[in-house]
>>> print(open('target.csv').read())   # CSV, C-alpha atoms
chain,number,residue,atom,x,y,z
A,1265,MET,CA,0.0,0.0,0.0
A,1266,HIS,CA,1.2,3.5,-0.8
A,1267,ARG,CA,1.9,5.7,2.2
A,1268,THR,CA,0.4,9.1,1.6
A,1269,ARG,CA,-0.8,11.7,4.1
A,1270,LEU,CA,-4.5,11.7,5.0
A,1271,THR,CA,-6.1,14.8,3.4
A,1272,THR,CA,-8.8,16.8,5.1
A,1273,LYS,CA,-11.3,15.1,2.8
A,1274,ASP,CA,-10.1,11.6,4.0
A,1275,ILE,CA,-10.6,12.7,7.6
A,1276,VAL,CA,-14.1,13.9,6.9
A,1277,TYR,CA,-15.0,10.6,5.2
A,1278,VAL,CA,-13.4,8.6,8.1
A,1279,ALA,CA,-15.5,10.7,10.5
A,1280,LEU,CA,-18.6,10.3,8.3
A,1281,PHE,CA,-18.5,6.5,8.3
A,1282,ALA,CA,-17.8,6.3,12.0
A,1283,ALA,CA,-20.9,8.5,12.6
A,1284,LEU,CA,-22.9,6.4,10.1
A,1285,THR,CA,-22.0,3.2,12.0
A,1286,ALA,CA,-23.1,4.9,15.2
A,1287,ALA,CA,-26.3,6.1,13.6
A,1288,LEU,CA,-27.1,2.6,12.3
A,1289,ALA,CA,-27.6,1.6,16.0
A,1290,LEU,CA,-30.7,3.9,16.0
A,1291,PHE,CA,-32.5,1.6,13.5
A,1292,PRO,CA,-34.7,-0.8,15.4
A,1293,PRO,CA,-33.4,-4.4,14.8
A,1294,ILE,CA,-35.6,-6.3,12.3
A,1295,THR,CA,-36.7,-9.9,13.0
A,1296,LEU,CA,-37.2,-12.1,10.0
A,1297,PRO,CA,-39.3,-15.2,10.8
A,1298,MET,CA,-37.6,-17.2,7.9
A,1299,LEU,CA,-34.2,-16.6,9.7
A,1300,GLY,CA,-35.4,-18.2,12.9
A,1301,GLY,CA,-36.5,-15.0,14.6
A,1302,VAL,CA,-33.0,-13.8,15.4
A,1303,PRO,CA,-33.0,-10.0,15.7
A,1304,ILE,CA,-30.8,-8.4,13.0
A,1305,SER,CA,-29.2,-5.1,13.9
A,1306,ALA,CA,-28.2,-2.9,11.1
A,1307,GLN,CA,-25.0,-1.8,12.9
A,1308,SER,CA,-22.6,-4.4,11.6
A,1309,MET,CA,-23.3,-3.1,8.1
A,1310,GLY,CA,-21.1,-0.1,9.2
A,1311,PRO,CA,-17.7,-1.9,8.8
A,1312,MET,CA,-18.9,-3.5,5.6
A,1313,LEU,CA,-20.0,-0.2,4.0
A,1314,ALA,CA,-16.9,1.6,5.3
A,1315,GLY,CA,-14.6,-0.9,3.6
A,1316,ALA,CA,-16.5,-1.2,0.4
A,1317,ILE,CA,-16.9,2.5,-0.1
A,1318,LEU,CA,-13.8,4.0,1.5
A,1319,GLY,CA,-11.2,1.2,0.9
A,1320,ALA,CA,-8.9,-0.5,3.3
A,1321,ARG,CA,-7.1,2.4,5.0
A,1322,ARG,CA,-9.8,4.9,5.5
A,1323,GLY,CA,-12.4,2.2,6.2
A,1324,ALA,CA,-10.2,0.7,9.0
A,1325,LEU,CA,-9.5,4.1,10.4
A,1326,SER,CA,-13.2,4.9,10.5
A,1327,MET,CA,-13.8,1.8,12.5
A,1328,LEU,CA,-10.9,2.6,14.8
A,1329,LEU,CA,-12.7,5.9,15.4
A,1330,VAL,CA,-15.9,4.0,16.3
A,1331,VAL,CA,-13.8,2.0,18.8
A,1332,ALA,CA,-12.4,5.2,20.3
A,1333,LEU,CA,-15.9,6.8,20.5
A,1334,VAL,CA,-17.1,3.8,22.4
A,1335,ALA,CA,-14.0,4.0,24.6
A,1336,ILE,CA,-14.7,7.6,25.6
A,1337,GLY,CA,-18.2,6.5,26.8
A,1338,LEU,CA,-20.6,7.2,24.0
A,1339,PRO,CA,-23.6,4.8,24.0
A,1340,ILE,CA,-23.3,4.3,20.2
A,1341,LEU,CA,-23.5,0.5,20.0
A,1342,SER,CA,-26.8,-1.2,19.3
A,1343,GLY,CA,-28.9,-1.5,22.4
A,1344,GLY,CA,-27.4,1.7,23.7
A,1345,ARG,CA,-24.1,0.0,24.8
A,1346,GLY,CA,-20.9,2.0,25.1
A,1347,GLY,CA,-18.1,2.9,27.5
A,1348,LEU,CA,-15.1,1.0,28.6
A,1349,GLY,CA,-17.3,-1.8,30.0
A,1350,VAL,CA,-17.8,-3.0,26.4
A,1351,PHE,CA,-14.0,-3.8,26.1
A,1352,MET,CA,-14.2,-6.0,29.1
A,1353,GLY,CA,-17.2,-7.9,27.9
A,1354,PRO,CA,-17.3,-11.0,25.7
A,1355,THR,CA,-18.3,-9.0,22.5
A,1356,ALA,CA,-15.2,-6.8,22.5
A,1357,GLY,CA,-13.5,-9.1,19.9
A,1358,PHE,CA,-16.3,-8.3,17.4
A,1359,LEU,CA,-15.9,-4.5,18.1
A,1360,PHE,CA,-12.1,-4.7,17.3
A,1361,GLY,CA,-13.0,-7.1,14.5
A,1362,TRP,CA,-14.8,-4.3,12.8
A,1363,VAL,CA,-11.4,-2.6,12.1
A,1364,LEU,CA,-10.1,-5.8,10.6
A,1365,ALA,CA,-13.4,-6.4,8.7
A,1366,ALA,CA,-13.3,-3.0,7.1
A,1367,PHE,CA,-9.7,-3.4,6.2
A,1368,VAL,CA,-10.2,-6.8,4.5
A,1369,VAL,CA,-13.4,-5.7,2.7
A,1370,GLY,CA,-11.7,-2.5,1.6
A,1371,TYR,CA,-8.5,-4.2,0.5
A,1372,LEU,CA,-10.4,-6.7,-1.7
A,1373,HIS,CA,-12.5,-3.9,-3.2
A,1374,GLU,CA,-9.4,-1.9,-4.0
A,1375,ARG,CA,-7.7,-4.9,-5.5
A,1376,PHE,CA,-10.6,-5.8,-7.9
A,1377,TRP,CA,-12.0,-2.3,-8.3
A,1378,GLN,CA,-12.1,-2.3,-12.1
A,1379,GLY,CA,-15.2,-4.0,-13.3
A,1380,LEU,CA,-16.5,-4.7,-9.8
A,1381,ASN,CA,-19.9,-6.2,-9.8
A,1382,VAL,CA,-22.5,-7.0,-7.1
A,1383,VAL,CA,-21.6,-10.7,-6.9
A,1384,GLN,CA,-17.9,-9.9,-6.4
A,1385,SER,CA,-18.6,-7.1,-4.0
A,1386,MET,CA,-20.8,-9.4,-1.9
A,1387,LEU,CA,-18.1,-12.1,-1.8
A,1388,PHE,CA,-15.5,-9.6,-0.7
A,1389,THR,CA,-17.9,-8.2,2.0
A,1390,VAL,CA,-18.6,-11.8,3.2
A,1391,ALA,CA,-14.8,-12.4,3.4
A,1392,GLY,CA,-14.1,-9.4,5.5
A,1393,GLY,CA,-17.4,-8.6,7.3
A,1394,ILE,CA,-18.2,-12.2,8.2
A,1395,VAL,CA,-15.2,-14.5,7.9
A,1396,ALA,CA,-12.5,-12.1,9.2
A,1397,LEU,CA,-14.9,-10.6,11.8
A,1398,TYR,CA,-15.9,-14.0,13.3
A,1399,ALA,CA,-12.3,-15.2,13.1
A,1400,LEU,CA,-11.4,-12.6,15.7
A,1401,GLY,CA,-14.7,-12.3,17.5
A,1402,ILE,CA,-15.3,-16.0,18.3
A,1403,PRO,CA,-11.9,-16.8,19.8
A,1404,TRP,CA,-12.1,-13.6,21.8
A,1405,ALA,CA,-15.5,-14.5,23.2
A,1406,ALA,CA,-14.4,-18.0,23.9
A,1407,LEU,CA,-11.3,-16.7,25.9
A,1408,ASN,CA,-13.4,-14.1,27.7
A,1409,THR,CA,-16.1,-16.6,28.8
A,1410,GLY,CA,-14.1,-19.8,29.1
A,1411,MET,CA,-16.4,-21.6,26.7
A,1412,SER,CA,-14.9,-23.8,23.9
A,1413,LEU,CA,-14.4,-22.4,20.4
A,1414,THR,CA,-17.0,-24.9,19.1
A,1415,GLN,CA,-19.6,-23.8,21.5
A,1416,MET,CA,-19.0,-20.1,20.7
A,1417,ALA,CA,-19.0,-20.8,16.9
A,1418,VAL,CA,-22.3,-22.7,17.2
A,1419,GLY,CA,-23.8,-19.9,19.3
A,1420,SER,CA,-22.6,-17.3,16.8
A,1421,ALA,CA,-23.9,-19.2,13.7
A,1422,VAL,CA,-27.5,-17.9,14.3
A,1423,PHE,CA,-26.3,-14.4,13.2
A,1424,ILE,CA,-24.8,-15.6,9.9
A,1425,PRO,CA,-28.1,-15.5,7.8
A,1426,GLY,CA,-28.6,-11.9,8.9
A,1427,ASP,CA,-25.0,-11.0,8.1
A,1428,LEU,CA,-25.4,-12.5,4.6
A,1429,VAL,CA,-28.5,-10.2,4.0
A,1430,LYS,CA,-26.4,-7.3,5.2
A,1431,ALA,CA,-23.5,-8.3,2.9
A,1432,GLY,CA,-25.9,-8.4,0.0
A,1433,LEU,CA,-27.3,-4.9,0.7
A,1434,THR,CA,-23.8,-3.6,1.1
A,1435,ALA,CA,-22.8,-5.0,-2.3
A,1436,ILE,CA,-25.7,-3.3,-4.0
A,1437,ILE,CA,-25.0,0.0,-2.2
A,1438,ALA,CA,-21.2,-0.3,-2.9
A,1439,VAL,CA,-21.7,-0.9,-6.6
A,1440,THR,CA,-24.2,2.0,-6.9
A,1441,VAL,CA,-22.0,4.4,-5.0
A,1442,LYS,CA,-19.1,3.3,-7.2
A,1443,ARG,CA,-21.1,4.4,-10.2
A,1444,ALA,CA,-22.4,7.7,-8.7
A,1445,TYR,CA,-19.6,8.8,-6.4
A,1446,PRO,CA,-16.4,6.7,-6.6
A,1447,LEU,CA,-14.1,7.2,-3.7
A,1448,ILE,CA,-11.6,4.4,-4.2
A,1449,HIS,CA,-8.8,5.2,-6.5
A,1450,PRO,CA,-7.0,1.9,-7.2
A,1451,ALA,CA,-3.2,2.0,-7.6
A,1452,HIS,CA,-2.2,1.4,-11.2
B,296,MET,CA,-16.8,15.9,42.9
B,297,THR,CA,-16.0,12.6,44.6
B,298,PRO,CA,-12.4,11.3,45.0
B,299,VAL,CA,-13.2,8.9,42.1
B,300,HIS,CA,-14.2,11.8,39.8
B,301,ARG,CA,-11.0,13.7,40.8
B,302,ILE,CA,-8.5,11.1,39.5
B,303,PRO,CA,-7.2,12.3,36.1
B,304,ALA,CA,-8.5,10.4,33.1
B,305,GLY,CA,-5.2,9.0,32.1
B,306,ALA,CA,-4.5,7.6,35.6
B,307,LYS,CA,-8.0,6.1,35.7
B,308,LEU,CA,-7.4,4.3,32.4
B,309,LEU,CA,-4.1,3.0,33.7
B,310,ILE,CA,-5.6,1.8,36.9
B,311,LEU,CA,-8.3,0.1,34.9
B,312,ALA,CA,-5.8,-1.7,32.7
B,313,VAL,CA,-3.8,-2.9,35.8
B,314,ALA,CA,-7.0,-4.0,37.6
B,315,GLY,CA,-8.3,-5.8,34.5
B,316,THR,CA,-5.1,-7.7,34.1
B,317,GLY,CA,-5.1,-8.6,37.8
B,318,LEU,CA,-8.7,-9.8,37.8
B,319,VAL,CA,-7.9,-12.3,35.0
B,320,ALA,CA,-5.4,-13.9,37.2
B,321,VAL,CA,-7.9,-14.4,40.1
B,322,ASP,CA,-9.1,-18.0,39.9
B,323,GLY,CA,-11.4,-18.5,42.9
B,324,TRP,CA,-15.0,-17.4,42.7
B,325,SER,CA,-15.0,-16.2,46.3
B,326,TRP,CA,-12.1,-13.9,45.7
B,327,MET,CA,-13.8,-12.6,42.6
B,328,ALA,CA,-16.9,-12.0,44.7
B,329,VAL,CA,-14.7,-9.9,47.0
B,330,ALA,CA,-13.5,-7.9,43.9
B,331,LEU,CA,-17.1,-7.4,42.9
B,332,ILE,CA,-18.1,-6.1,46.3
B,333,MET,CA,-15.0,-3.7,46.3
B,334,THR,CA,-16.1,-2.5,42.9
B,335,LEU,CA,-19.7,-1.8,44.2
B,336,ALA,CA,-18.1,0.0,47.1
B,337,LEU,CA,-16.3,2.2,44.6
B,338,TYR,CA,-19.7,3.0,43.0
B,339,ALA,CA,-20.9,4.1,46.4
B,340,VAL,CA,-17.8,6.3,46.9
B,341,ALA,CA,-18.4,7.9,43.5
B,342,ARG,CA,-22.1,8.5,44.6
B,343,GLN,CA,-23.5,6.6,41.7
B,344,PRO,CA,-27.2,5.7,42.1
B,345,ARG,CA,-28.0,2.0,42.3
B,346,ASP,CA,-29.9,1.9,38.9
B,347,ARG,CA,-26.7,2.9,37.1
B,348,VAL,CA,-25.2,-0.4,38.2
B,349,MET,CA,-28.1,-2.3,36.7
B,350,ALA,CA,-28.0,-0.1,33.5
B,351,GLN,CA,-24.4,-1.3,32.9
B,352,LEU,CA,-25.4,-5.0,33.3
B,353,ARG,CA,-28.8,-5.2,31.7
B,354,PRO,CA,-27.4,-5.4,28.1
B,355,LEU,CA,-25.3,-8.3,29.2
B,356,LEU,CA,-28.0,-10.4,30.9
B,357,TRP,CA,-29.0,-12.3,27.8
B,358,LEU,CA,-25.4,-13.5,27.7
B,359,LEU,CA,-24.5,-13.9,31.3
B,360,VAL,CA,-27.5,-16.0,32.3
B,361,PRO,CA,-27.2,-18.7,29.6
B,362,LEU,CA,-23.4,-18.6,30.1
B,363,PHE,CA,-23.8,-19.4,33.8
B,364,LEU,CA,-26.2,-22.2,33.1
B,365,ALA,CA,-24.2,-23.7,30.2
B,366,GLN,CA,-20.9,-23.6,32.0
B,367,GLY,CA,-22.4,-24.9,35.3
B,368,TYR,CA,-23.9,-28.0,33.6
B,369,MET,CA,-21.0,-28.7,31.3
B,370,SER,CA,-18.0,-27.9,33.6
B,371,SER,CA,-18.6,-27.0,37.2
B,372,TRP,CA,-20.7,-24.4,39.1
B,373,PRO,CA,-17.6,-22.7,40.8
B,374,LEU,CA,-16.2,-22.1,37.3
B,375,ALA,CA,-19.5,-20.8,36.1
B,376,ALA,CA,-19.7,-18.4,39.1
B,377,LEU,CA,-16.1,-17.3,38.6
B,378,THR,CA,-16.6,-16.5,34.9
B,379,VAL,CA,-19.9,-14.6,35.4
B,380,LEU,CA,-18.5,-12.7,38.4
B,381,ARG,CA,-15.3,-11.8,36.5
B,382,ILE,CA,-17.2,-10.4,33.5
B,383,THR,CA,-19.6,-8.5,35.8
B,384,THR,CA,-16.7,-7.0,37.8
B,385,LEU,CA,-14.7,-6.0,34.8
B,386,VAL,CA,-17.7,-4.4,33.0
B,387,LEU,CA,-18.7,-2.5,36.2
B,388,LEU,CA,-15.2,-1.3,36.9
B,389,ALA,CA,-14.8,-0.1,33.3
B,390,GLY,CA,-18.2,1.4,33.4
B,391,LEU,CA,-17.3,3.4,36.6
B,392,VAL,CA,-14.4,5.0,34.7
B,393,THR,CA,-16.7,6.0,32.0
B,394,LEU,CA,-19.4,7.3,34.4
B,395,THR,CA,-16.9,9.4,36.4
B,396,THR,CA,-14.9,10.9,33.5
B,397,ARG,CA,-16.1,13.6,31.0
B,398,SER,CA,-15.8,12.7,27.3
B,399,GLU,CA,-13.5,15.7,26.8
B,400,ALA,CA,-11.1,14.5,29.4
B,401,MET,CA,-11.1,11.1,27.7
B,402,ILE,CA,-10.4,12.6,24.3
B,403,GLU,CA,-7.6,14.6,25.9
B,404,ALA,CA,-6.2,11.4,27.4
B,405,ILE,CA,-6.4,9.7,24.0
B,406,GLU,CA,-4.6,12.6,22.3
B,407,LYS,CA,-1.9,12.6,25.0
B,408,GLY,CA,-1.5,8.8,24.5
B,409,LEU,CA,-1.2,9.3,20.8
B,410,ARG,CA,1.6,11.9,21.1
B,411,PRO,CA,4.4,9.4,21.0
B,412,LEU,CA,3.0,8.1,17.8
B,413,ALA,CA,3.6,11.4,16.1
B,414,ARG,CA,6.9,10.2,14.6
B,415,PHE,CA,4.9,7.4,12.8
B,416,GLY,CA,2.7,10.0,11.1
B,417,VAL,CA,-0.1,10.2,13.6
B,418,ASP,CA,-1.2,13.8,13.8
B,419,PRO,CA,-3.0,14.5,17.1
B,420,ALA,CA,-4.7,17.6,15.5
B,421,LYS,CA,-6.2,15.4,12.8
B,422,VAL,CA,-7.3,12.8,15.4
B,423,ALA,CA,-9.1,15.6,17.3
B,424,LEU,CA,-10.7,16.8,14.0
B,425,ALA,CA,-12.0,13.3,13.3
B,426,PHE,CA,-13.5,13.0,16.8
B,427,SER,CA,-15.3,16.4,16.6
B,428,LEU,CA,-16.6,15.8,13.1
B,429,ALA,CA,-17.9,12.3,14.0
B,430,LEU,CA,-19.7,13.7,17.1
B,431,ARG,CA,-21.2,16.5,14.9
B,432,PHE,CA,-22.2,14.1,12.1
B,433,ILE,CA,-24.1,11.6,14.3
B,434,PRO,CA,-27.2,13.8,14.9
B,435,VAL,CA,-27.1,15.1,11.3
B,436,ILE,CA,-27.2,11.6,9.9
B,437,ALA,CA,-30.0,10.6,12.4
B,438,ARG,CA,-32.1,13.6,11.2
B,439,GLN,CA,-31.4,13.0,7.5
B,440,SER,CA,-32.4,9.3,7.8
B,441,ALA,CA,-35.6,10.3,9.6
B,442,ASP,CA,-36.4,12.7,6.7
B,443,ILE,CA,-35.6,10.1,4.0
B,444,ARG,CA,-37.7,7.5,5.8
B,445,ASP,CA,-40.7,9.8,6.0
B,446,ALA,CA,-40.4,10.6,2.3
B,447,GLN,CA,-40.0,6.9,1.3
B,448,ARG,CA,-42.9,5.9,3.5
B,449,ALA,CA,-45.1,8.4,1.7
B,450,ARG,CA,-44.1,6.7,-1.6
B,451,GLY,CA,-44.9,3.3,-0.1
B,452,LEU,CA,-41.2,2.2,0.2
B,453,GLY,CA,-41.2,2.2,3.9
B,454,ASN,CA,-39.9,-1.3,4.3
B,455,ASN,CA,-37.2,-1.3,1.7
B,456,PRO,CA,-33.8,-0.9,3.4
B,457,LEU,CA,-32.2,0.2,0.1
B,458,ALA,CA,-34.7,3.0,-0.4
B,459,LEU,CA,-33.3,4.4,2.9
B,460,ALA,CA,-29.7,3.5,2.8
B,461,LEU,CA,-28.8,4.5,-0.8
B,462,PRO,CA,-30.1,8.1,-0.7
B,463,LEU,CA,-28.8,8.5,2.9
B,464,ILE,CA,-25.2,7.4,1.9
B,465,LEU,CA,-25.1,9.4,-1.4
B,466,ARG,CA,-26.5,12.5,0.4
B,467,THR,CA,-24.1,12.3,3.3
B,468,LEU,CA,-21.1,11.7,1.0
B,469,LYS,CA,-22.0,14.9,-0.8
B,470,MET,CA,-22.3,16.7,2.6
B,471,ALA,CA,-18.9,15.3,3.7
B,472,SER,CA,-17.3,16.5,0.5
B,473,ASP,CA,-18.9,20.0,1.0
B,474,VAL,CA,-17.7,20.0,4.7
B,475,ALA,CA,-14.1,19.1,3.5
B,476,ASP,CA,-14.2,22.0,1.0
B,477,ALA,CA,-15.4,24.4,3.7
B,478,ILE,CA,-12.6,23.3,6.0
B,479,GLU,CA,-10.0,23.7,3.3
B,480,ALA,CA,-11.5,27.1,2.3
B,481,ARG,CA,-10.9,28.3,5.8
B,482,SER,CA,-7.3,27.2,5.3
B,483,CYS,CA,-7.0,25.7,8.6
B,484,GLU,CA,-5.4,22.7,7.0
B,485,ASP,CA,-3.8,22.6,3.5
B,486,ASP,CA,-3.2,19.3,1.9
B,487,GLY,CA,-2.9,20.2,-1.7
B,488,PRO,CA,0.3,19.3,-3.5
B,489,GLU,CA,1.1,23.1,-3.9
B,490,ALA,CA,0.7,23.6,-0.1
B,491,ALA,CA,3.2,21.0,0.7
B,492,HIS,CA,5.9,22.8,-1.3
B,493,SER,CA,5.2,26.2,0.1
B,494,PRO,CA,6.7,26.9,3.5
B,495,ALA,CA,4.5,30.0,3.9
B,496,SER,CA,1.2,28.1,3.8
B,497,GLN,CA,2.6,25.4,6.2
B,498,HIS,CA,3.4,28.1,8.6
B,499,THR,CA,-0.1,29.6,8.5
B,500,SER,CA,-1.7,26.2,8.7
B,501,SER,CA,-0.1,25.3,12.0
B,502,ARG,CA,-1.1,28.6,13.5
B,503,SER,CA,-4.8,28.6,12.5
B,504,ARG,CA,-5.3,24.9,13.1
B,505,PRO,CA,-7.5,25.2,16.3
B,506,SER,CA,-10.2,26.8,14.2
B,507,CYS,CA,-10.9,23.4,12.6
B,508,ILE,CA,-12.2,22.1,15.8
B,509,GLU,CA,-14.8,24.8,16.2
B,510,LEU,CA,-16.1,24.0,12.8
B,511,ASP,CA,-19.8,24.5,12.1
B,512,LEU,CA,-21.5,22.4,9.5
B,513,PRO,CA,-23.0,24.3,6.5
B,514,PRO,CA,-26.6,25.4,7.1
B,515,LYS,CA,-28.9,22.5,7.1
B,516,THR,CA,-31.2,24.0,4.5
B,517,SER,CA,-28.8,23.0,1.8
B,518,PHE,CA,-29.0,19.3,2.7
B,519,THR,CA,-32.6,18.7,3.6
B,520,SER,CA,-34.4,16.4,1.4
B,521,PRO,CA,-36.3,17.9,-1.5
B,522,CYS,CA,-39.0,15.3,-1.0
B,523,SER,CA,-39.1,15.8,2.7
B,524,PRO,CA,-42.7,16.5,3.9
B,525,ARG,CA,-41.5,19.2,6.2
>>> encode(input="target.csv", output="structure tokens")
Amino acid sequence: MHRTRLTTKDIVYVALFAALTAALALFPPITLPMLGGVPISAQSMGPMLAGAILGARRGALSMLLVVALVAIGLPILSGGRGGLGVFMGPTAGFLFGWVLAAFVVGYLHERFWQGLNVVQSMLFTVAGGIVALYALGIPWAALNTGMSLTQMAVGSAVFIPGDLVKAGLTAIIAVTVKRAYPLIHPAH
Amino acid sequence: MTPVHRIPAGAKLLILAVAGTGLVAVDGWSWMAVALIMTLALYAVARQPRDRVMAQLRPLLWLLVPLFLAQGYMSSWPLAALTVLRITTLVLLAGLVTLTTRSEAMIEAIEKGLRPLARFGVDPAKVALAFSLALRFIPVIARQSADIRDAQRARGLGNNPLALALPLILRTLKMASDVADAIEARSCEDDGPEAAHSPASQHTSSRSRPSCIELDLPPKTSFTSPCSPR
């Protein structure tokens, strides 16, 4: 990756997607009967969107800003959670995982930016926003609670259908935004 | 101001880190219960009402109760008690730091903590700008999404998440770009290639930087939805 300074515009976009992720917590969770009645919160679309629209570096930075906003005590996580207590709880790995998720989603989008279509975009979003996220979140939760990895993975599996829906939405949004307002400039 | 409130933010964060590490090493549930009682005593010293304690724990109940039962059945009850008590104590202790420290003091502590990273290209002024912009954007986005949702409901698109998300993202991206232009026009930070070569502009940029933080967003009229019913 090329090392350039962050411009004012970059900072504003980073702040925007951090704020967008925070605002996503305000949407009431939807419950789809066909997905077993598990509530789906819109918030984990934040890292997916940040990566797919801003790219690896700015996307990861915006999620880092979300982590910092939670750390200073803002109740911006879904269910009104926030503050340092979150970092001590079992779900902290998923919060840090957002940084990784946005980076992976962003990296893949940058890498295959030319001719990006919705199917590709969804695959990349799944790779970062589900695979990478769970790869960090599940072991963290297992360590925090003393449960086994398998138990945690089984427990987390109920969220995957909802995450797939969010990845699909993110892909449609990312490809539309790419056409209307492209913000990723791939290295040649 | 209680003694807990008076401890500087940075020191509180350090104490929390040390206490958090120490609590992970405790391996008897009765000792963990003592730690929990001490934490609750700190809440009393900080004059926190009792419902604040519950407010910290309520979002975790859906996890703590099944965790206790599952671990009790599958391993042992003392281990289940230890795990649940440890998470409760850690969450309450960290929550107390948050409850007794102002956000500004926390941001300041974070900036101070980042200062050694300046040589790796982390600019504390830019970090502060990102914080203040994000704080300013949250209510703006919330209001815009309410506007768009009203408009789409009037068109019968109330349940389509894309009908909300797409206009919201495109509109806020446009807003972000306008805000960036406004900041640059006030020349509180120059990033253009020409600025990098001109020592004069670098000089002025460092002097007028604080004005970035008092930034106002452009008037809201320019961003409200044309289809908004209001």
>>> closest_residue(input="target.csv", among="A:Leu1270, A:Leu1433, A:Leu1400, A:Ile1424", to="Val1382 (chain A)", atoms="all atoms listed in the file")
A:Leu1433
>>> closest_residue(input="target.csv", among="B:Ala471, B:Ala480, B:Val329, B:Leu409", to="chain A", atoms="all atoms listed in the file")
B:Ala471
>>> interface_residues(input="target.csv", of="chain B", to="chain A", cutoff="6 Å", atoms="only C-alpha atoms", output="MDAnalysis selection string")
chainID B and resid 385:386 389:390 393 398 401 425 428:429 432:433 437 471 475 486
>>> residues_near_point(input="target.csv", point="(-23.8, -21.6, 33.8)", cutoff="12 Å", atoms="all atoms listed in the file", output="list in words")
Thr1409, Gly1410 and Met1411 of chain A; Leu358, Leu359, Val360, Pro361, Leu362, Phe363, Leu364, Ala365, Gln366, Gly367, Tyr368, Met369, Ser370, Ser371, Trp372, Pro373, Leu374, Ala375, Ala376, Leu377, Thr378, Val379 and Leu380 of chain B
>>> residues_around(input="target.csv", residues="Arg342 (chain B)", least_positions_apart="3", cutoff="8 Å", atoms="only C-alpha atoms", output="PyMOL selection string")
chain B and resi 297+338-339
